[in-house]
Every structure is written in structure tokens, then in C-alpha cells.
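Structure data (mmCIF, C-alpha atoms and all ligand atoms) from input_37.cif:
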data_model
#
loop_
_atom_site.label_atom_id
_atom_site.label_comp_id
_atom_site.auth_asym_id
_atom_site.auth_seq_id
_atom_site.Cartn_x
_atom_site.Cartn_y
_atom_site.Cartn_z
CA MET A 1 -2.76 -14.63 8.06
CA SER A 2 -4.85 -17.32 6.32
CA GLU A 3 -7.42 -16.24 3.76
CA ARG A 4 -11.03 -16.89 4.74
CA ARG A 5 -12.70 -19.07 2.12
CA PRO A 6 -16.27 -18.37 0.96
CA PHE A 7 -18.52 -20.74 2.94
CA ASP A 8 -19.67 -23.57 0.68
CA VAL A 9 -21.12 -26.50 2.58
CA GLN A 10 -20.88 -28.97 -0.30
CA ALA A 11 -17.23 -28.14 -0.91
CA LEU A 12 -16.44 -28.39 2.81
CA ARG A 13 -18.32 -31.63 3.16
CA ALA A 14 -16.38 -33.16 0.28
CA GLU A 15 -13.20 -32.68 2.31
CA PHE A 16 -14.37 -35.20 4.93
CA PRO A 17 -13.89 -38.76 3.66
CA ALA A 18 -15.82 -40.31 6.56
CA LEU A 19 -18.97 -38.50 5.48
CA ALA A 20 -18.95 -40.09 2.02
CA GLN A 21 -19.74 -43.61 3.25
CA GLU A 22 -22.87 -45.70 3.54
CA VAL A 23 -23.97 -47.53 6.67
CA TYR A 24 -26.60 -50.28 6.30
CA ARG A 25 -26.66 -49.30 2.61
CA LYS A 26 -27.84 -45.78 3.45
CA PRO A 27 -25.70 -42.65 3.04
CA LEU A 28 -24.35 -41.72 6.45
CA VAL A 29 -25.93 -38.74 8.22
CA TYR A 30 -23.44 -37.91 10.96
CA LEU A 31 -25.10 -35.97 13.78
CA ASP A 32 -22.70 -36.78 16.61
CA THR A 33 -20.20 -33.98 16.23
CA ALA A 34 -20.54 -32.96 19.90
CA ALA A 35 -18.98 -36.34 20.75
CA THR A 36 -16.24 -35.97 18.16
CA THR A 37 -15.82 -34.13 14.86
CA GLN A 38 -14.98 -35.87 11.62
CA LYS A 39 -11.58 -35.04 10.12
CA PRO A 40 -10.84 -33.22 6.85
CA GLN A 41 -8.44 -34.77 4.37
CA ARG A 42 -5.90 -32.02 4.94
CA VAL A 43 -5.57 -33.04 8.61
CA LEU A 44 -5.35 -36.74 7.73
CA ASP A 45 -2.62 -35.92 5.19
CA ALA A 46 -0.70 -33.79 7.68
CA TYR A 47 -0.84 -36.57 10.29
CA LEU A 48 0.26 -39.32 7.94
CA GLY A 49 2.76 -37.05 6.19
CA PHE A 50 4.43 -36.15 9.47
CA LEU A 51 4.65 -39.78 10.59
CA SER A 52 5.92 -40.83 7.14
CA HIS A 53 8.68 -38.24 6.79
CA ASP A 54 9.49 -36.25 9.92
CA ASN A 55 8.85 -38.68 12.75
CA ALA A 56 11.41 -38.39 15.57
CA ASN A 57 11.14 -37.74 19.28
CA VAL A 58 10.94 -34.05 20.11
CA HIS A 59 13.40 -31.97 22.17
CA ARG A 60 15.83 -34.87 22.39
CA GLY A 61 17.84 -35.30 19.23
CA VAL A 62 20.42 -33.45 17.16
CA HIS A 63 19.68 -35.17 13.87
CA ALA A 64 17.68 -33.75 10.99
CA LEU A 65 14.43 -35.56 11.71
CA ALA A 66 14.57 -34.63 15.39
CA SER A 67 14.97 -30.99 14.55
CA ARG A 68 12.15 -31.09 11.96
CA SER A 69 9.89 -32.83 14.40
CA THR A 70 10.68 -30.42 17.25
CA LYS A 71 10.11 -27.47 14.96
CA ALA A 72 6.74 -28.83 13.83
CA TYR A 73 5.70 -29.53 17.43
CA GLU A 74 6.60 -26.01 18.59
CA GLN A 75 4.97 -24.54 15.50
CA ALA A 76 1.78 -26.35 16.50
CA ARG A 77 2.04 -24.75 19.95
CA SER A 78 2.16 -21.31 18.31
CA THR A 79 -0.86 -22.22 16.18
CA VAL A 80 -2.83 -23.20 19.29
CA ALA A 81 -1.88 -19.89 20.93
CA ARG A 82 -3.08 -18.03 17.85
CA ALA A 83 -6.35 -19.99 17.82
CA LEU A 84 -6.98 -18.94 21.42
CA GLY A 85 -5.88 -15.34 20.96
CA ALA A 86 -3.09 -16.00 23.48
CA PRO A 87 -0.07 -13.73 23.15
CA GLU A 88 2.56 -16.34 24.05
CA ALA A 89 2.99 -19.90 22.76
CA ARG A 90 4.90 -20.85 25.92
CA ASP A 91 1.67 -20.47 27.91
CA VAL A 92 0.15 -23.41 26.00
CA ILE A 93 0.59 -26.91 27.40
CA PHE A 94 -0.15 -29.93 25.27
CA VAL A 95 -2.36 -32.45 27.05
CA ARG A 96 -4.38 -35.48 26.07
CA GLY A 97 -7.60 -33.48 26.01
CA THR A 98 -9.91 -31.37 28.15
CA THR A 99 -10.23 -34.05 30.81
CA GLU A 100 -6.49 -34.17 31.32
CA ALA A 101 -6.30 -30.37 31.44
CA VAL A 102 -8.89 -30.21 34.23
CA ASN A 103 -7.09 -32.91 36.21
CA LEU A 104 -3.75 -31.17 35.70
CA VAL A 105 -5.04 -27.88 37.10
CA ALA A 106 -6.95 -29.57 39.94
CA GLU A 107 -3.90 -31.57 41.00
CA THR A 108 -1.37 -28.74 40.76
CA TRP A 109 -2.89 -25.29 41.14
CA GLY A 110 -5.84 -26.76 43.05
CA ARG A 111 -3.82 -28.68 45.65
CA GLU A 112 -1.77 -25.57 46.38
CA ASN A 113 -4.52 -22.99 46.39
CA VAL A 114 -7.66 -24.62 47.74
CA GLY A 115 -7.83 -25.31 51.47
CA PRO A 116 -10.31 -26.20 54.20
CA GLY A 117 -13.37 -23.96 54.17
CA ASP A 118 -12.66 -22.64 50.67
CA GLU A 119 -15.21 -23.01 47.89
CA ILE A 120 -15.09 -24.33 44.33
CA LEU A 121 -17.94 -23.25 42.10
CA VAL A 122 -19.21 -25.10 39.03
CA THR A 123 -22.52 -24.95 37.15
CA ALA A 124 -25.07 -27.75 36.97
CA LEU A 125 -24.58 -28.15 33.21
CA GLU A 126 -20.95 -29.22 33.36
CA HIS A 127 -19.65 -32.30 31.61
CA HIS A 128 -18.43 -34.81 34.22
CA SER A 129 -14.87 -33.93 33.11
CA ASN A 130 -15.31 -30.41 34.44
CA PHE A 131 -17.24 -31.54 37.51
CA VAL A 132 -15.81 -34.70 39.06
CA PRO A 133 -12.12 -33.59 39.32
CA TRP A 134 -13.23 -30.41 41.16
CA GLN A 135 -15.58 -32.40 43.36
CA ARG A 136 -12.67 -34.71 44.26
CA LEU A 137 -10.39 -31.77 44.89
CA ALA A 138 -12.94 -30.19 47.23
CA ALA A 139 -13.33 -33.46 49.14
CA ALA A 140 -9.55 -33.93 49.40
CA ARG A 141 -8.94 -30.36 50.62
CA GLY A 142 -11.95 -30.00 52.93
CA ALA A 143 -13.43 -27.35 50.63
CA ARG A 144 -17.09 -26.80 49.77
CA PHE A 145 -18.25 -27.84 46.28
CA VAL A 146 -20.93 -25.42 45.14
CA VAL A 147 -23.13 -26.10 42.10
CA VAL A 148 -24.96 -23.17 40.48
CA PRO A 149 -28.36 -24.29 39.12
CA VAL A 150 -29.21 -23.72 35.47
CA GLU A 151 -32.35 -21.90 34.37
CA THR A 152 -35.32 -23.73 32.88
CA ASP A 153 -34.25 -22.82 29.33
CA GLY A 154 -30.78 -24.25 29.97
CA SER A 155 -29.03 -20.92 30.35
CA VAL A 156 -26.72 -19.85 33.17
CA SER A 157 -27.76 -16.58 34.76
CA VAL A 158 -24.97 -14.17 35.69
CA GLU A 159 -27.13 -12.96 38.58
CA ARG A 160 -27.69 -16.44 40.01
CA PHE A 161 -24.03 -17.33 39.50
CA THR A 162 -22.97 -14.15 41.33
CA GLN A 163 -25.27 -15.00 44.24
CA HIS A 164 -23.29 -18.21 44.75
CA LEU A 165 -19.90 -16.46 44.90
CA THR A 166 -18.40 -15.64 48.29
CA ALA A 167 -15.11 -14.35 49.65
CA ARG A 168 -14.13 -18.03 50.04
CA THR A 169 -14.61 -18.91 46.35
CA ARG A 170 -11.15 -19.87 45.14
CA LEU A 171 -12.11 -21.19 41.72
CA ALA A 172 -15.06 -21.05 39.33
CA ALA A 173 -15.06 -23.68 36.59
CA PHE A 174 -17.60 -23.69 33.78
CA ALA A 175 -18.07 -24.62 30.15
CA HIS A 176 -17.89 -22.15 27.31
CA VAL A 177 -20.54 -24.23 25.52
CA SER A 178 -22.68 -27.01 26.99
CA ASN A 179 -22.31 -30.37 25.25
CA ALA A 180 -25.78 -31.54 26.31
CA LEU A 181 -27.79 -28.38 25.60
CA GLY A 182 -25.72 -26.22 23.28
CA THR A 183 -25.98 -23.26 25.67
CA VAL A 184 -23.27 -20.66 25.18
CA LEU A 185 -22.35 -19.35 28.61
CA PRO A 186 -21.68 -15.63 29.16
CA VAL A 187 -18.04 -16.40 29.91
CA ALA A 188 -16.72 -12.84 30.08
CA GLU A 189 -19.43 -11.73 32.54
CA LEU A 190 -19.14 -14.84 34.70
CA THR A 191 -15.37 -14.43 34.73
CA ARG A 192 -15.58 -10.80 35.80
CA ALA A 193 -17.99 -11.70 38.60
CA ALA A 194 -15.79 -14.54 39.88
CA GLN A 195 -12.58 -12.53 39.69
CA ALA A 196 -14.27 -9.68 41.59
CA VAL A 197 -14.35 -11.93 44.67
CA GLY A 198 -10.75 -13.02 44.09
CA ALA A 199 -11.50 -16.38 42.45
CA ARG A 200 -9.64 -17.86 39.49
CA VAL A 201 -11.61 -19.02 36.45
CA PHE A 202 -11.24 -22.25 34.49
CA VAL A 203 -13.13 -22.42 31.18
CA ASP A 204 -13.87 -25.77 29.53
CA GLY A 205 -13.72 -24.93 25.83
CA ALA A 206 -14.26 -28.50 24.57
CA GLN A 207 -17.45 -27.67 22.68
CA ALA A 208 -16.58 -24.12 21.75
CA MET A 209 -13.79 -24.61 19.26
CA SER A 210 -15.85 -25.96 16.36
CA HIS A 211 -18.61 -23.33 16.66
CA LEU A 212 -16.93 -20.18 17.99
CA GLU A 213 -13.60 -18.37 17.92
CA PRO A 214 -12.69 -17.96 21.58
CA ASN A 215 -10.19 -15.32 22.63
CA VAL A 216 -8.76 -15.83 26.10
CA LEU A 217 -7.81 -12.19 26.51
CA ALA A 218 -11.30 -10.97 25.62
CA LEU A 219 -12.86 -13.61 27.88
CA GLY A 220 -10.47 -12.65 30.69
CA CYS A 221 -10.29 -16.17 32.12
CA ASP A 222 -7.28 -17.69 33.92
CA PHE A 223 -7.35 -21.17 32.34
CA TYR A 224 -8.85 -22.37 29.04
CA ALA A 225 -8.79 -25.97 27.79
CA PHE A 226 -10.00 -27.87 24.74
CA SER A 227 -9.71 -31.26 23.00
CA GLY A 228 -8.29 -31.66 19.50
CA HIS A 229 -10.75 -34.38 18.49
CA LYS A 230 -13.62 -31.92 18.88
CA VAL A 231 -12.01 -29.47 16.48
CA PHE A 232 -11.27 -31.65 13.43
CA ALA A 233 -8.00 -33.12 14.81
CA PRO A 234 -7.28 -36.69 15.98
CA PRO A 235 -8.02 -37.90 19.52
CA GLY A 236 -5.31 -37.98 22.20
CA ILE A 237 -4.22 -34.36 21.89
CA GLY A 238 -5.56 -31.14 23.35
CA ALA A 239 -4.34 -27.97 24.96
CA LEU A 240 -4.44 -26.04 28.19
CA TRP A 241 -3.74 -22.32 28.19
CA ALA A 242 -3.09 -20.52 31.47
CA ARG A 243 -1.84 -17.15 32.64
CA ARG A 244 1.91 -17.12 32.86
CA GLU A 245 2.11 -16.16 36.54
CA LEU A 246 -0.10 -19.14 37.42
CA LEU A 247 1.94 -21.57 35.34
CA GLU A 248 5.19 -20.28 36.86
CA ALA A 249 3.88 -20.93 40.38
CA MET A 250 2.32 -24.33 39.68
CA PRO A 251 4.21 -27.46 40.77
CA PRO A 252 4.59 -30.35 38.30
CA TRP A 253 1.85 -32.90 37.98
CA GLN A 254 3.38 -35.95 36.32
CA SER A 255 7.14 -36.23 36.54
CA GLY A 256 9.74 -37.99 34.43
CA GLY A 257 11.74 -37.20 31.32
CA GLU A 258 12.03 -33.72 29.84
CA MET A 259 10.17 -31.83 32.59
CA VAL A 260 13.22 -31.46 34.81
CA ALA A 261 16.04 -28.92 35.02
CA THR A 262 18.47 -31.05 37.05
CA VAL A 263 18.30 -34.52 38.55
CA THR A 264 20.68 -35.84 41.20
CA GLU A 265 20.38 -38.81 43.51
CA GLU A 266 19.23 -36.45 46.25
CA LEU A 267 17.02 -33.97 44.48
CA SER A 268 15.40 -32.94 41.22
CA THR A 269 14.41 -29.49 40.07
CA TRP A 270 11.82 -28.57 37.45
CA GLY A 271 12.08 -26.95 34.09
CA PRO A 272 9.99 -23.90 33.21
CA PRO A 273 6.48 -24.13 31.75
CA PRO A 274 5.36 -25.52 29.37
CA THR A 275 7.88 -28.41 29.58
CA ARG A 276 7.36 -28.71 33.35
CA PHE A 277 3.88 -30.03 32.54
CA GLU A 278 4.81 -32.28 29.60
CA ALA A 279 6.58 -35.21 31.25
CA GLY A 280 7.56 -38.07 28.96
CA THR A 281 7.22 -38.29 25.19
CA PRO A 282 4.30 -36.08 24.22
CA ASN A 283 1.83 -36.85 21.46
CA PHE A 284 3.87 -34.82 19.01
CA ALA A 285 2.25 -36.32 15.89
CA GLY A 286 -1.15 -35.47 17.35
CA ALA A 287 0.05 -31.94 18.10
CA VAL A 288 1.17 -31.49 14.49
CA ALA A 289 -2.22 -32.73 13.27
CA LEU A 290 -3.94 -30.37 15.71
CA GLY A 291 -1.90 -27.53 14.26
CA ALA A 292 -3.03 -28.56 10.76
CA ALA A 293 -6.66 -28.71 11.91
CA LEU A 294 -6.49 -25.23 13.41
CA GLU A 295 -4.78 -23.86 10.29
CA TRP A 296 -7.65 -25.36 8.28
CA ARG A 297 -10.12 -23.80 10.70
CA PHE A 298 -8.51 -20.35 10.35
CA GLU A 299 -9.76 -20.38 6.75
CA LEU A 300 -13.39 -20.77 7.77
CA ASP A 301 -15.75 -17.85 7.57
CA PHE A 302 -17.22 -18.11 11.07
CA VAL A 303 -20.00 -15.63 10.42
CA ALA A 304 -21.29 -17.75 7.53
CA LEU A 305 -20.60 -20.95 9.48
CA GLN A 306 -22.68 -19.76 12.42
CA ARG A 307 -25.49 -18.67 10.10
CA HIS A 308 -25.42 -22.11 8.45
CA GLU A 309 -25.44 -23.98 11.77
CA ALA A 310 -28.27 -21.77 13.08
CA ALA A 311 -30.35 -22.66 9.99
CA LEU A 312 -29.70 -26.38 10.56
CA LEU A 313 -30.68 -26.06 14.22
CA ALA A 314 -33.87 -24.15 13.40
CA ALA A 315 -34.91 -26.72 10.79
CA ALA A 316 -34.15 -29.68 13.08
CA THR A 317 -35.94 -28.03 16.00
CA ALA A 318 -39.03 -27.61 13.81
CA ARG A 319 -38.92 -31.28 12.77
CA VAL A 320 -38.62 -32.52 16.38
CA SER A 321 -41.25 -30.09 17.69
CA GLU A 322 -43.90 -31.42 15.31
CA ILE A 323 -43.72 -34.88 16.92
CA PRO A 324 -46.48 -35.34 19.53
CA GLY A 325 -44.96 -35.77 22.99
CA ALA A 326 -41.55 -34.35 22.05
CA ARG A 327 -39.76 -32.14 24.55
CA ILE A 328 -36.62 -30.20 23.73
CA LEU A 329 -34.04 -29.61 26.43
CA GLY A 330 -32.15 -26.38 26.27
CA GLU A 331 -33.59 -23.39 24.48
CA ALA A 332 -31.19 -20.72 25.63
CA PRO A 333 -30.98 -17.78 23.22
CA GLY A 334 -27.92 -17.96 20.96
CA LYS A 335 -27.24 -21.63 21.62
CA VAL A 336 -25.10 -23.62 19.18
CA SER A 337 -26.38 -26.42 16.95
CA VAL A 338 -26.97 -29.10 19.58
CA LEU A 339 -30.49 -30.50 19.86
CA SER A 340 -31.31 -32.61 22.93
CA PHE A 341 -34.77 -34.06 23.20
CA VAL A 342 -36.97 -36.72 24.74
CA ILE A 343 -40.20 -38.20 23.43
CA ASP A 344 -42.95 -39.21 25.83
CA GLY A 345 -43.05 -42.92 26.55
CA LEU A 346 -40.07 -43.75 24.33
CA HIS A 347 -36.56 -44.61 25.43
CA ALA A 348 -33.77 -42.57 23.86
CA SER A 349 -31.63 -45.64 23.21
CA ASP A 350 -34.45 -47.28 21.20
CA LEU A 351 -34.64 -44.14 19.06
CA GLY A 352 -30.87 -44.12 18.61
CA MET A 353 -30.76 -47.74 17.50
CA ILE A 354 -33.60 -47.37 14.99
CA LEU A 355 -32.12 -44.17 13.55
CA ASP A 356 -28.79 -45.93 13.18
CA ARG A 357 -30.41 -48.55 10.90
CA ASP A 358 -31.54 -45.61 8.76
CA GLY A 359 -27.95 -44.38 8.50
CA VAL A 360 -28.52 -41.53 10.97
CA ALA A 361 -25.94 -41.33 13.78
CA ILE A 362 -27.14 -39.51 16.90
CA ARG A 363 -26.02 -39.81 20.53
CA VAL A 364 -28.27 -41.15 23.27
CA GLY A 365 -27.70 -41.33 27.02
CA THR A 366 -26.54 -38.98 29.76
CA HIS A 367 -23.91 -37.16 27.66
CA CYS A 368 -21.71 -37.30 30.79
CA THR A 369 -23.99 -34.72 32.42
CA GLN A 370 -25.91 -36.68 35.03
CA PRO A 371 -26.39 -33.72 37.43
CA LEU A 372 -27.90 -31.69 34.58
CA LEU A 373 -30.29 -34.43 33.52
CA ALA A 374 -31.31 -34.97 37.15
CA ARG A 375 -32.19 -31.26 37.28
CA PHE A 376 -34.67 -31.92 34.43
CA GLY A 377 -35.92 -35.17 36.03
CA LEU A 378 -34.36 -37.30 33.26
CA THR A 379 -31.83 -40.09 32.96
CA ALA A 380 -31.24 -39.93 29.21
CA THR A 381 -31.92 -37.81 26.13
CA ALA A 382 -31.40 -38.19 22.41
CA ARG A 383 -29.00 -35.62 21.00
CA ALA A 384 -28.47 -34.58 17.40
CA SER A 385 -25.47 -32.28 17.05
CA PHE A 386 -24.87 -30.44 13.79
CA ALA A 387 -21.63 -29.10 12.37
CA LEU A 388 -20.48 -27.01 9.46
CA TYR A 389 -20.43 -30.12 7.24
CA ASN A 390 -24.09 -31.01 7.75
CA THR A 391 -26.75 -29.98 5.25
CA LEU A 392 -30.47 -29.28 5.28
CA ASP A 393 -30.79 -32.61 3.51
CA ASP A 394 -29.23 -34.25 6.59
CA VAL A 395 -31.88 -32.52 8.70
CA GLU A 396 -34.64 -33.90 6.49
CA ARG A 397 -33.17 -37.42 6.63
CA PHE A 398 -33.00 -37.09 10.41
CA GLY A 399 -36.58 -35.78 10.69
CA ASP A 400 -37.96 -38.54 8.44
CA ALA A 401 -36.04 -41.27 10.27
CA LEU A 402 -37.18 -39.94 13.63
CA ASN A 403 -40.82 -39.90 12.54
CA ARG A 404 -40.49 -43.48 11.29
CA ALA A 405 -38.83 -44.56 14.56
CA VAL A 406 -41.55 -42.95 16.67
CA ARG A 407 -44.30 -44.56 14.57
CA MET A 408 -42.59 -47.93 14.76
CA LEU A 409 -42.13 -47.78 18.53
CA ARG A 410 -45.66 -46.53 19.14
CA THR A 411 -47.52 -48.85 16.80
CA GLY A 412 -45.17 -51.81 16.59
CA ASP A 413 -45.39 -51.57 12.75
CA PRO A 414 -42.01 -51.79 10.97
N1 LIG B 1 -16.21 -30.87 28.41
C1 LIG B 1 -17.19 -30.90 27.50
C2 LIG B 1 -18.17 -29.78 27.45
C3 LIG B 1 -17.28 -31.99 26.63
O1 LIG B 1 -18.25 -32.03 25.71
C4 LIG B 1 -16.33 -33.02 26.73
C5 LIG B 1 -16.44 -34.22 25.86
O2 LIG B 1 -17.51 -34.57 25.41
C6 LIG B 1 -15.32 -32.92 27.67
C7 LIG B 1 -15.29 -31.83 28.51
C8 LIG B 1 -14.28 -33.97 27.81
O3 LIG B 1 -13.47 -33.97 26.69
P1 LIG B 1 -12.42 -35.15 26.44
O4 LIG B 1 -13.17 -36.44 26.62
O5 LIG B 1 -11.96 -34.93 25.04
O6 LIG B 1 -11.33 -34.98 27.44
#
Any chance you could give the structure as C-alpha cells?
Ligand code: PLP
Amino acid sequence: MSERRPFDVQALRAEFPALAQEVYRKPLVYLDTAATTQKPQRVLDAYLGFLSHDNANVHRGVHALASRSTKAYEQARSTVARALGAPEARDVIFVRGTTEAVNLVAETWGRENVGPGDEILVTALEHHSNFVPWQRLAAARGARFVVVPVETDGSVSVERFTQHLTARTRLAAFAHVSNALGTVLPVAELTRAAQAVGARVFVDGAQAMSHLEPNVLALGCDFYAFSGHKVFAPPGIGALWARRELLEAMPPWQSGGEMVATVTEELSTWGPPPTRFEAGTPNFAGAVALGAALEWRFELDFVALQRHEAALLAAATARVSEIPGARILGEAPGKVSVLSFVIDGLHASDLGMILDRDGVAIRVGTHCTQPLLARFGLTATARASFALYNTLDDVERFGDALNRAVRMLRTGDP
């Protein structure tokens, strides 16, 4: 077991080389973690170290590098299982990221288990990645696509969700944490309600991994997916966990090398999971770096981390609220440190561009959640997302830059 380190934001921050730079001659304030996290030196070293010394294709060679590489890849699978509280590493499939995991399940489990007249349930706050593939599946299979509305504060009510479940609900898919609002969904309760009508549950954990410590057994879900780049690892690698009996019954998605048992001119048969779902050369270097990122994360004191992020969110919320005409989207109790807002009469992209010149990186736009924004009568918001490596000083820099931007846009004065 890794030792938990005392939480020290300055020491943590110093581990992230990207945060030590200036943009436009101003120290960078990085508030776009919900889009992607920055990477600690230990992960960068593990990535480069692996490629420099151990690089060889996995599961294919008998030489020393091939066996080191295969061992490191499978070790990373065990680390992912541990990070998710999953008992068995073989129930973890490496994928490109959350988007690929959703598509994999939609195209395999979904095609086999969703038929005409069945229903697929999602919530209105889903990222397009956990919305569009299910919508397409429903259209292809003649199923009904049901969207559960969110409450005014951006929360998802178990009661309202339950009202949308029927005996025909085959699958409920929802986020653990909303990328646009920061809402933490009551995953265990929603899962219990969906499973009570016989539905399977897919949880999109993309935003959860850097703020929470999910445990798939405690949550009770059937599928859980996340992206490495949102948990301090490089892009292009992520993981899907699923219950063994589901994986065993699922047909392959992509086919090709390594996922087969036998191939003849007449017929091919499939290997067992997880290899059945990892056709071709996987991103083994990415997987090793993901393992390193999760090992690094095991050392974090999540209680202190959550307290720190809550303090950043409270301070940033106060700074935004004091601006006349500001409106914050998403005020669900217990939300993570994501702050979405609009300011009367001002366009989010203008704010984003002016803040950028002050060295402050925020995200502006739809956040890939158009149905959610439509629910609030909006087409764009500005979003500042805070992570363990942000400081109260970052919040002050953000608040000052935002005030300057608003003044500039309202008065025309530079
Ligand atoms: N789900 C949520 C909640 C997200 O925030 C994101 C990315 O922003 C995704 C899914 C898609 O993740 P990826 O683009 O890494 O596949």
C-alpha cells in the first residue's frame, strides 16, 4: 500500500512543470483541469523512461524487452483495478479514453441487448460522449432514448430519475461527476433504482478520478469508464471496467491481431476478455504512464485534497458572485471544484480571450453538453475548473482578471 503524503499544495504544484511557465509574460494560472489535467514529473519520467528502456510490443515477443514491456502493461492493468476498487485486473480493458469505452459498450453489449421498444436512459447533464453513442444505438435498434431532466441547481434527483425508469429500460448511463457543472451524482442510489427494474448501469467516471476515489463495488454499477488524461496521465489511454459475466458474453468490437483464439480461412474465434476487446497494438506506453499516474494519486490525502478544492471553489464562487449580472450554473450541494458562469450581456468567448492575455486559462463554450445548456437557455458558459495544484492566489488572479475583463468589455476602456 502506498503511504499517503501530507497535503501540501506548494509541494504538489512544484511537481507539475507545465504550471511553472509564463504566458504573455504572466505566470500561468491553469483553470482548465476539467478539460485535461497537467502531468506531474513522476508520470513524465515514467513515460519517457519506459519508452527509453523497455519499449517493445506487448504479448508478442519472447525477448527481454518484450517481457518487461508486457509485465509493465499488465501491472498497469492491476493498478487501474486497484484504483477502481475492482477485485480482478482481467475485468479492466484498456481503451483510448471514456469516449471509446462508451462506444465499445454501445456497439457490443448494446447491439446484443437493446431491441425495438426497449429504452435507454441518460440524464440531461451528460457529456456528448455519454449521450450521442446511446442516442445512435437507440435509433439503430428502434429503442426509445429517454433523457432525465436535471434540477434547477444542476443536481439529478433520484426520485425524478426513478420516475423515468420502466420495465423496458435496458440501460441507464450517467456521469459520476458533471464536467459542465461539477455536480456529483448519487451514483449508488441511481444504480440501485435502475437495477431494480432490470437495467444495466454505465457510469462515466471521466471527471471523477481527479476529485474522488470511486469504488465500483460500493457504487454497484455494471460498467465504469475513465480517461487517463483527466487523471494526470497522458492522452490516448483510458480504461473500461465491467462485470465479468457481461464481458464474457460481449462480442468483440474491433477485430484484428491479438484478440483472437484461432483464425482459419473459414472462421475465427475470439480470445477471452480483456484481450478480446484490445485488437491491435494497444497504447502500452500510455498504459504504463497511466499506472504511474494512479500510483502517484494513491499517495494523495483525498480528505485534505477535497477540503482544499472546496476552499478554492468557495473563494472563486465569491469572486464571481460579486460581479453585477453574473449567474452561476450548477449549485448542487457537494459539487466538485468546477465553476460555470455567464455574465449578462457579455460573450463567454470574449471573457476567455481577455483572461488568456492575463495568463489565466479557462474554458469557454458548450463543454460538449449542448442539451444541458439548452435546458438553461444558454449556448455557452465560461468555466473555471480547479484542481489540487491550484492555490488561493490563482483564485485571486482569476477574480482580478475577470473583473478587468468585465470592465473592459462594458466600458471599452483597456
Ligand atoms: N465524459 C465527461 C464527463 C467528460 O468530461 C469528458 C471529457 O471532457 C468525456 C466524457 C470524454 O472524455 P474523452 O474525450 O477523454 O474520451
Spatial neighbours of stretch 222-239 of chain A, max dist 8 Å, only C-alpha atoms, sep filter under 3 positions, as a ChimeraX atom specification: /A:33-40,43,80,92-98,101-102,200-207,209-210,216,242-243,283,286-287,289-290,292-294
Which of A:Pro17, A:Pro133, A:Gly220, A:Pro274 sits closest to ligand LIG 1 (chain B) [using only C-alpha atoms and all ligand atoms]: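 Among the listed residues, the smallest separation from ligand LIG 1 (chain B) belongs to A:Pro133.
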Point-to-point distance in Å for atom CA of A:Phe386 and atom C2 of ligand LIG 1 (chain B):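 Between these atoms lies a distance of 15.2 Å.
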Distance query A:Leu305 at most 10 Å, all atoms listed in the file, self and fewer than 2 positions along chain excluded, as a list in words: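 Everything that qualifies: Pro6, Phe7, Asp8, Val9, Ser210, His211, Leu212, Leu300, Asp301, Phe302, Val303, Arg307, His308, Glu309, Ala310, Ala311, Ala387, Leu388 and Tyr389 of chain A.
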Protein/DNA/RNA residues near (-4.7, -30.2, 46.5), cut 10 Å, all atoms listed in the file, as a PyMOL selection string: chain A and resi 105-115+136-142
